[in-house]
$ cat work_14.csv   # CSV, C-alpha atoms (C1' of nucleotides)
chain,number,residue,atom,x,y,z
A,1151,MET,CA,0.0,0.0,0.0
A,1152,GLN,CA,1.6,3.2,-1.2
A,1153,LYS,CA,1.3,6.3,0.8
A,1154,GLY,CA,0.1,9.6,-0.7
A,1155,ASN,CA,1.3,13.1,-0.3
A,1156,ALA,CA,-1.4,15.7,0.3
A,1157,TYR,CA,1.1,18.5,-0.5
A,1158,ALA,CA,1.5,17.4,-4.0
A,1159,ALA,CA,-1.1,19.0,-6.3
A,1160,GLU,CA,-1.4,16.0,-8.6
A,1161,CYS,CA,-1.7,13.4,-5.9
A,1162,PRO,CA,-5.3,12.0,-5.6
A,1163,THR,CA,-4.8,12.4,-1.8
A,1164,ARG,CA,-5.5,16.1,-2.3
A,1165,GLN,CA,-8.9,15.4,-3.8
A,1166,ALA,CA,-9.7,12.8,-1.2
A,1167,LEU,CA,-8.8,15.2,1.6
A,1168,ASP,CA,-11.1,17.8,0.1
A,1169,ARG,CA,-14.0,15.3,0.1
A,1170,VAL,CA,-13.3,14.0,3.6
A,1171,ALA,CA,-12.6,17.4,5.2
A,1172,ASP,CA,-16.2,18.4,4.8
A,1173,LYS,CA,-18.8,19.7,7.3
A,1174,TRP,CA,-21.5,17.3,6.3
A,1175,THR,CA,-19.1,14.3,6.2
A,1176,VAL,CA,-18.1,15.1,9.8
A,1177,LEU,CA,-21.7,15.3,11.0
A,1178,ILE,CA,-22.9,12.2,9.1
A,1179,LEU,CA,-20.1,9.9,10.1
A,1180,GLY,CA,-20.5,11.2,13.7
A,1181,LEU,CA,-24.0,9.8,13.7
A,1182,LEU,CA,-23.4,6.6,11.9
A,1183,GLY,CA,-20.8,5.6,14.5
A,1184,ASP,CA,-23.6,4.4,16.8
A,1185,GLY,CA,-25.2,2.1,14.2
A,1186,PRO,CA,-27.1,2.2,11.0
A,1187,VAL,CA,-29.3,5.2,10.4
A,1188,ARG,CA,-32.1,5.8,7.9
A,1189,PHE,CA,-32.1,8.7,5.4
A,1190,ASN,CA,-34.8,10.8,7.1
A,1191,ALA,CA,-33.4,10.1,10.5
A,1192,LEU,CA,-30.1,11.6,9.4
A,1193,ARG,CA,-32.0,14.5,7.9
A,1194,ARG,CA,-33.8,15.2,11.1
A,1195,GLN,CA,-30.7,15.0,13.3
A,1196,ILE,CA,-28.5,17.1,11.1
A,1197,GLN,CA,-30.6,20.2,11.3
A,1198,GLY,CA,-30.4,22.4,8.3
A,1199,ILE,CA,-29.0,19.9,5.8
A,1200,SER,CA,-30.9,19.8,2.5
A,1201,GLN,CA,-32.1,16.5,1.0
A,1202,LYS,CA,-29.8,17.2,-1.9
A,1203,MET,CA,-26.6,17.6,0.1
A,1204,LEU,CA,-27.5,14.6,2.3
A,1205,SER,CA,-28.1,12.3,-0.6
A,1206,GLN,CA,-25.1,13.7,-2.5
A,1207,THR,CA,-22.7,13.3,0.5
A,1208,LEU,CA,-24.0,9.9,1.3
A,1209,ARG,CA,-23.5,8.8,-2.3
A,1210,SER,CA,-19.9,10.1,-2.2
A,1211,LEU,CA,-19.2,8.3,1.0
A,1212,GLU,CA,-20.7,5.1,-0.4
A,1213,ARG,CA,-18.6,5.4,-3.5
A,1214,ASP,CA,-15.5,5.8,-1.4
A,1215,GLY,CA,-16.3,2.7,0.6
A,1216,LEU,CA,-16.9,4.6,3.8
A,1217,VAL,CA,-20.6,4.0,4.1
A,1218,ALA,CA,-22.7,1.0,3.1
A,1219,ARG,CA,-26.3,1.6,1.7
A,1220,THR,CA,-28.9,-1.1,2.2
A,1221,VAL,CA,-32.3,-1.0,0.8
A,1222,TYR,CA,-35.1,-3.0,2.5
A,1223,PRO,CA,-38.1,-3.7,0.3
A,1224,THR,CA,-40.7,-2.6,2.9
A,1225,VAL,CA,-43.4,-0.2,2.0
A,1226,PRO,CA,-42.5,2.5,1.8
A,1227,VAL,CA,-39.0,1.5,1.1
A,1228,THR,CA,-36.5,1.7,3.9
A,1229,VAL,CA,-32.9,2.7,3.2
A,1230,GLU,CA,-30.3,2.3,5.9
A,1231,TYR,CA,-26.8,3.7,5.9
A,1232,ALA,CA,-24.1,2.0,7.9
A,1233,ILE,CA,-20.5,2.9,8.5
A,1234,THR,CA,-17.9,0.5,7.1
A,1235,PRO,CA,-14.7,-0.5,8.9
A,1236,VAL,CA,-12.6,1.9,6.8
A,1237,GLY,CA,-15.2,4.6,7.5
A,1238,ARG,CA,-14.9,3.9,11.1
A,1239,THR,CA,-11.2,4.7,11.0
A,1240,LEU,CA,-12.0,8.0,9.3
A,1241,ALA,CA,-14.7,8.8,11.9
A,1242,ALA,CA,-12.2,8.2,14.6
A,1243,THR,CA,-10.2,11.3,13.3
A,1244,LEU,CA,-13.3,13.3,12.4
A,1245,THR,CA,-15.0,13.1,15.8
A,1246,PRO,CA,-12.2,14.9,17.6
A,1247,LEU,CA,-12.5,17.7,15.0
A,1248,ARG,CA,-16.2,18.1,15.7
A,1249,LEU,CA,-15.5,18.1,19.4
A,1250,TRP,CA,-12.8,20.6,19.0
A,1251,ALA,CA,-15.2,23.0,17.2
A,1252,GLU,CA,-17.8,22.5,19.9
A,1253,GLU,CA,-15.3,23.2,22.6
A,1254,ASN,CA,-13.5,26.1,21.1
A,1255,ILE,CA,-16.4,28.0,19.4
A,1256,GLU,CA,-16.4,30.6,22.2
A,1257,THR,CA,-12.7,31.3,21.9
A,1258,ILE,CA,-13.0,31.7,18.1
A,1259,LEU,CA,-15.9,34.1,18.4
A,1260,GLN,CA,-14.0,36.1,20.9
A,1261,ALA,CA,-10.9,36.2,18.6
A,1262,ARG,CA,-13.2,37.4,15.7
A,1263,LEU,CA,-14.6,40.2,17.8
A,1264,GLU,CA,-11.1,41.4,18.7
A,1265,TYR,CA,-9.8,41.1,15.1
A,1266,ASP,CA,-12.8,43.0,13.7
A,1267,ARG,CA,-12.4,45.7,16.3
A,1268,ALA,CA,-8.7,46.1,15.5
A,1269,GLU,CA,-9.4,46.2,11.8
A,1270,ARG,CA,-11.9,49.0,12.2
A,1271,ALA,CA,-9.3,50.9,14.2
A,1272,ALA,CA,-6.5,50.3,11.6
A,1273,PRO,CA,-7.7,48.8,8.4
A,1274,ASP,CA,-4.3,49.3,6.9
A,1275,HIS,CA,-3.6,45.7,6.1
A,1276,ALA,CA,-1.0,46.3,3.4
A,1277,ALA,CA,2.5,46.5,4.6
B,931,MET,CA,-17.0,28.3,28.5
B,932,GLN,CA,-20.2,27.1,26.9
B,933,LYS,CA,-20.1,24.1,24.6
B,934,GLY,CA,-21.6,24.3,21.1
B,935,ASN,CA,-23.6,21.7,19.2
B,936,ALA,CA,-22.6,21.2,15.6
B,937,TYR,CA,-25.9,19.4,14.9
B,938,ALA,CA,-27.9,22.5,15.5
B,939,ALA,CA,-28.3,24.6,12.4
B,940,GLU,CA,-28.3,27.9,14.2
B,941,CYS,CA,-25.2,27.2,16.4
B,942,PRO,CA,-22.1,29.1,15.3
B,943,THR,CA,-20.2,25.8,15.8
B,944,ARG,CA,-21.7,24.7,12.5
B,945,GLN,CA,-20.1,27.6,10.7
B,946,ALA,CA,-16.8,27.2,12.5
B,947,LEU,CA,-16.7,23.5,11.6
B,948,ASP,CA,-17.2,24.4,8.0
B,949,ARG,CA,-14.3,26.8,8.1
B,950,VAL,CA,-12.0,24.4,9.9
B,951,ALA,CA,-12.9,21.3,8.0
B,952,ASP,CA,-11.2,22.6,4.9
B,953,LYS,CA,-8.5,21.2,2.6
B,954,TRP,CA,-6.3,24.3,2.7
B,955,THR,CA,-6.6,24.8,6.4
B,956,VAL,CA,-5.5,21.2,7.0
B,957,LEU,CA,-2.4,21.7,4.8
B,958,ILE,CA,-1.5,25.2,6.1
B,959,LEU,CA,-1.7,24.2,9.8
B,960,GLY,CA,0.2,21.0,9.0
B,961,LEU,CA,3.1,23.2,7.9
B,962,LEU,CA,2.9,25.9,10.5
B,963,GLY,CA,3.3,23.2,13.2
B,964,ASP,CA,7.0,23.2,12.7
B,965,GLY,CA,7.5,26.9,13.2
B,966,PRO,CA,6.7,30.2,11.5
B,967,VAL,CA,6.6,30.1,7.7
B,968,ARG,CA,6.5,33.0,5.1
B,969,PHE,CA,3.8,33.5,2.6
B,970,ASN,CA,5.7,32.4,-0.5
B,971,ALA,CA,7.3,29.5,1.4
B,972,LEU,CA,3.8,28.2,2.1
B,973,ARG,CA,2.8,28.7,-1.5
B,974,ARG,CA,5.8,26.7,-2.7
B,975,GLN,CA,5.2,23.9,-0.3
B,976,ILE,CA,1.4,23.6,-0.8
B,977,GLN,CA,1.6,22.8,-4.5
B,978,GLY,CA,-1.3,24.1,-6.5
B,979,ILE,CA,-2.7,26.6,-4.0
B,980,SER,CA,-3.5,29.9,-5.6
B,981,GLN,CA,-2.3,33.2,-4.0
B,982,LYS,CA,-5.9,34.1,-3.5
B,983,MET,CA,-6.9,31.0,-1.6
B,984,LEU,CA,-3.7,31.2,0.4
B,985,SER,CA,-4.1,34.8,1.5
B,986,GLN,CA,-7.9,34.3,2.0
B,987,THR,CA,-7.4,31.2,4.2
B,988,LEU,CA,-4.6,32.7,6.2
B,989,ARG,CA,-6.7,35.8,6.9
B,990,SER,CA,-9.6,33.6,8.1
B,991,LEU,CA,-7.2,31.7,10.3
B,992,GLU,CA,-5.8,34.9,11.7
B,993,ARG,CA,-9.3,36.3,12.3
B,994,ASP,CA,-10.2,33.2,14.3
B,995,GLY,CA,-7.0,33.5,16.4
B,996,LEU,CA,-5.5,30.3,15.0
B,997,VAL,CA,-2.5,31.8,13.3
B,998,ALA,CA,-0.6,35.0,14.0
B,999,ARG,CA,0.7,37.3,11.2
B,1000,THR,CA,3.8,39.3,11.7
B,1001,VAL,CA,5.2,41.8,9.3
B,1002,TYR,CA,8.9,42.6,9.3
B,1003,PRO,CA,9.9,45.9,7.7
B,1004,THR,CA,12.7,44.4,5.6
B,1005,VAL,CA,13.0,45.0,1.9
B,1006,PRO,CA,11.2,43.5,0.3
B,1007,VAL,CA,8.8,43.2,3.2
B,1008,THR,CA,8.7,39.8,5.0
B,1009,VAL,CA,5.5,38.4,6.4
B,1010,GLU,CA,5.6,35.5,8.7
B,1011,TYR,CA,2.7,33.3,9.8
B,1012,ALA,CA,2.9,31.4,13.0
B,1013,ILE,CA,0.5,29.0,14.7
B,1014,THR,CA,-1.0,30.2,18.0
B,1015,PRO,CA,-1.6,27.9,21.0
B,1016,VAL,CA,-5.3,27.5,20.1
B,1017,GLY,CA,-4.3,26.8,16.6
B,1018,ARG,CA,-1.9,24.1,17.8
B,1019,THR,CA,-4.8,22.3,19.5
B,1020,LEU,CA,-6.7,22.4,16.2
B,1021,ALA,CA,-3.6,21.2,14.2
B,1022,ALA,CA,-3.4,18.2,16.6
B,1023,THR,CA,-6.8,17.0,15.3
B,1024,LEU,CA,-6.2,18.0,11.7
B,1025,THR,CA,-2.9,16.2,11.2
B,1026,PRO,CA,-4.4,12.8,11.8
B,1027,LEU,CA,-7.0,13.6,9.2
B,1028,ARG,CA,-4.3,14.4,6.6
B,1029,LEU,CA,-2.4,11.3,7.6
B,1030,TRP,CA,-5.6,9.2,7.3
B,1031,ALA,CA,-6.1,10.5,3.7
B,1032,GLU,CA,-2.5,9.8,2.8
B,1033,GLU,CA,-2.7,6.3,4.2
B,1034,ASN,CA,-6.1,5.3,2.8
B,1035,ILE,CA,-6.0,6.9,-0.6
B,1036,GLU,CA,-5.4,3.5,-2.3
B,1037,THR,CA,-8.3,1.9,-0.5
B,1038,ILE,CA,-10.5,4.8,-1.5
B,1039,LEU,CA,-9.5,4.6,-5.2
B,1040,GLN,CA,-10.1,0.9,-5.2
B,1041,ALA,CA,-13.6,1.4,-3.7
B,1042,ARG,CA,-14.4,3.9,-6.3
B,1043,LEU,CA,-13.4,1.6,-9.1
B,1044,GLU,CA,-15.6,-1.1,-7.8
B,1045,TYR,CA,-18.5,1.2,-7.2
B,1046,ASP,CA,-18.3,2.7,-10.7
B,1047,ARG,CA,-18.0,-0.8,-12.2
B,1048,ALA,CA,-21.1,-2.0,-10.3
B,1049,GLU,CA,-23.0,1.2,-11.3
B,1050,ARG,CA,-22.3,0.6,-15.0
B,1051,ALA,CA,-23.6,-3.0,-14.6
B,1052,ALA,CA,-26.7,-1.9,-12.8
B,1053,PRO,CA,-27.3,1.9,-12.8
B,1054,ASP,CA,-30.7,1.2,-11.2
B,1055,HIS,CA,-30.1,3.3,-8.1
B,1056,ALA,CA,-33.8,4.0,-7.4
B,1057,ALA,CA,-35.5,1.4,-5.2
C,304,DT,C1',-63.0,10.5,-4.3
C,305,DC,C1',-59.8,13.9,-3.1
C,306,DC,C1',-56.4,15.6,0.0
C,307,DA,C1',-52.6,15.0,2.9
C,308,DC,C1',-48.9,12.5,4.5
C,309,DT,C1',-45.0,9.0,4.7
C,310,DA,C1',-40.1,7.5,2.7
C,311,DG,C1',-36.3,8.6,-0.3
C,312,DG,C1',-34.9,10.8,-3.3
C,313,DT,C1',-34.2,14.1,-8.2
C,314,DT,C1',-34.7,18.5,-10.8
C,315,DT,C1',-34.3,23.3,-11.3
C,316,DC,C1',-32.8,27.7,-10.3
C,317,DT,C1',-30.1,31.1,-8.0
C,318,DA,C1',-26.5,32.8,-4.9
C,319,DA,C1',-22.1,32.1,-3.2
C,320,DT,C1',-17.7,30.1,-3.6
C,321,DG,C1',-13.2,28.5,-5.7
C,322,DG,C1',-9.8,28.9,-9.0
C,323,DT,C1',-7.2,31.5,-13.0
C,324,DG,C1',-4.4,34.9,-14.5
C,325,DA,C1',-3.3,39.6,-14.7
C,326,DC,C1',-2.1,43.4,-12.0
C,327,DT,C1',-0.3,46.3,-8.0
C,328,DA,C1',3.5,48.7,-4.7
C,329,DG,C1',8.1,49.5,-3.4
C,330,DG,C1',12.6,48.4,-4.0
C,331,DT,C1',17.1,46.1,-5.8
C,332,DA,C1',20.2,43.8,-9.4
C,333,DG,C1',21.9,43.6,-13.9
D,857,DC,C1',15.7,50.7,-18.5
D,858,DT,C1',14.2,46.4,-17.8
D,859,DA,C1',13.5,42.4,-15.0
D,860,DC,C1',12.6,40.4,-10.7
D,861,DC,C1',11.7,40.0,-5.6
D,862,DT,C1',8.1,40.3,-1.8
D,863,DA,C1',3.1,39.8,-0.6
D,864,DG,C1',-0.7,40.4,-1.9
D,865,DT,C1',-5.4,42.3,-4.7
D,866,DC,C1',-8.8,42.5,-8.6
D,867,DA,C1',-11.8,41.0,-12.3
D,868,DC,C1',-13.5,37.2,-14.3
D,869,DC,C1',-15.4,32.5,-15.1
D,870,DA,C1',-16.7,27.7,-13.6
D,871,DT,C1',-18.2,25.0,-10.2
D,872,DT,C1',-20.8,24.3,-6.3
D,873,DA,C1',-24.0,24.8,-2.2
D,874,DG,C1',-28.5,25.7,-0.9
D,875,DA,C1',-33.7,26.6,-1.4
D,876,DA,C1',-37.7,24.9,-3.1
D,877,DA,C1',-40.5,22.3,-6.1
D,878,DC,C1',-41.4,17.9,-7.9
D,879,DC,C1',-41.5,12.6,-8.2
D,880,DT,C1',-42.9,7.5,-7.3
D,881,DA,C1',-45.3,4.5,-4.7
D,882,DG,C1',-48.4,3.6,-1.0
D,883,DT,C1',-51.5,4.6,3.5
D,884,DG,C1',-54.9,7.0,6.1
D,885,DG,C1',-58.7,10.2,6.9
D,886,DA,C1',-63.0,13.2,5.7

$ encode --input "work_14.csv" --output "structure tokens"
Amino acid sequence: MQKGNAYAAECPTRQALDRVADKWTVLILGLLGDGPVRFNALRRQIQGISQKMLSQTLRSLERDGLVARTVYPTVPVTVEYAITPVGRTLAATLTPLRLWAEENIETILQARLEYDRAERAAPDHAA
Amino acid sequence: MQKGNAYAAECPTRQALDRVADKWTVLILGLLGDGPVRFNALRRQIQGISQKMLSQTLRSLERDGLVARTVYPTVPVTVEYAITPVGRTLAATLTPLRLWAEENIETILQARLEYDRAERAAPDHAA
DNA sequence: TCCACTAGGTTTCTAATGGTGACTAGGTAG
DNA sequence: CTACCTAGTCACCATTAGAAACCTAGTGGA
């Protein structure tokens, strides 16, 4: 198994990183960690996601082998999304990211306030 | 310090997560971890990043208090970007993400091949 | 019978974002 | 005088994210 280099423009790792470092991916994998979840259950839990983005992101994840999609021929049809073993290793690195955001949001907002105040005082950003 | 909830649409954590879960952020903070780096040094090491995205991402990171920008009045002017303590805690969660991408890229590419092959055989995605 | 609702999506349209390449200031080297 | 260095910005175009409507297939209620 060859290792990629995300700093090289032409390496596919770059594109994979772009796909995986994504807001919706973080939130979806965070939920799938506890077991299979249905489409609309995800939609309800990830407040504010559109059906389009949810189905698009899920399809990407499925294509990359990170999530498995199972259709049950009930009526109406039931579709379950489950995390795969590889997906679980990704989730293990994404969950800390989500937790970091939740824990540091106040610090960030504070920094923004200070930055914006300083900018108004001296908007001379050019050297 | 109040904790955010990334699953709530109206929580600022959502927006922060979006900013932080970003390809360029991952790559920039990965480099700044080893010490301050200059603008063009970053540009050379992150192959394929445009000046616009680099300066835009750096400014966001600075605004959020994750990197510090220092201008030295040399000639030509030298601008150094350094990671802040908070930024370092973020980098600690982003680096594993980059490493994950580099280590699993082959697996992902393989999964894509198989998915696309199966899709051509039976593109009937609707239930 | 007609309407409303479920699940799991796709389509369409618009607004925002990302990337490309040219351009800038101020100064030095050839 | 021209070219090149730094660290950016600006205008432009292509892609994308998001909002909202529509779709299929079926159930339940008035």

$ interface_residues --input "work_14.csv" --of "chain C" --to "chain B" --cutoff "9 Å" --atoms "all atoms listed in the file" --output "JSON, numbers by chain"
{"C": [311, 312, 321, 322, 323, 329, 330, 331]}

$ atom_distance --input "work_14.csv" --atom1 "C1' of DA307 in chain C" --atom2 "CA of Thr1224 in chain A"
21.2 Å

$ residues_near_point --input "work_14.csv" --point "(-44.6, 7.1, 0.8)" --cutoff "6 Å" --atoms "only C-alpha atoms (C1' of nucleotides)" --output "number ranges by chain"
A: 1226; C: 309-310; D: 882

$ atom_distance --input "work_14.csv" --atom1 "CA of Asp1172 in chain A" --atom2 "CA of Asp948 in chain B"
6.9 Å

$ residues_near_point --input "work_14.csv" --point "(2.6, 29.9, 20.3)" --cutoff "10 Å" --atoms "all atoms listed in the file" --output "list in words"
Gly963, Gly965, Pro966, Leu996, Val997, Ala998, Ala1012, Ile1013, Thr1014, Pro1015, Val1016, Gly1017 and Arg1018 of chain B

$ atom_distance --input "work_14.csv" --atom1 "CA of Trp1174 in chain A" --atom2 "C1' of DT871 in chain D"
18.5 Å

$ residues_around --input "work_14.csv" --residues "DC866 in chain D" --least-positions-apart "2" --cutoff "12 Å" --atoms "only C-alpha atoms (C1' of nucleotides)" --output "number ranges by chain"
B: 982; C: 323-327; D: 864, 868

$ write_last_selection --input "work_14.csv" --atoms "C-alpha atoms (C1' of nucleotides)" --output "PDB file, in the coordinates of the input"
ATOM      1  CA  LYS B 982      -5.900  34.100  -3.500  1.00  0.00           C
TER       2      LYS B 982
ATOM      3  C1'  DT C 323      -7.200  31.500 -13.000  1.00  0.00           C
ATOM      4  C1'  DG C 324      -4.400  34.900 -14.500  1.00  0.00           C
ATOM      5  C1'  DA C 325      -3.300  39.600 -14.700  1.00  0.00           C
ATOM      6  C1'  DC C 326      -2.100  43.400 -12.000  1.00  0.00           C
ATOM      7  C1'  DT C 327      -0.300  46.300  -8.000  1.00  0.00           C
TER       8       DT C 327
ATOM      9  C1'  DG D 864      -0.700  40.400  -1.900  1.00  0.00           C
ATOM     10  C1'  DC D 868     -13.500  37.200 -14.300  1.00  0.00           C
TER      11       DC D 868
END
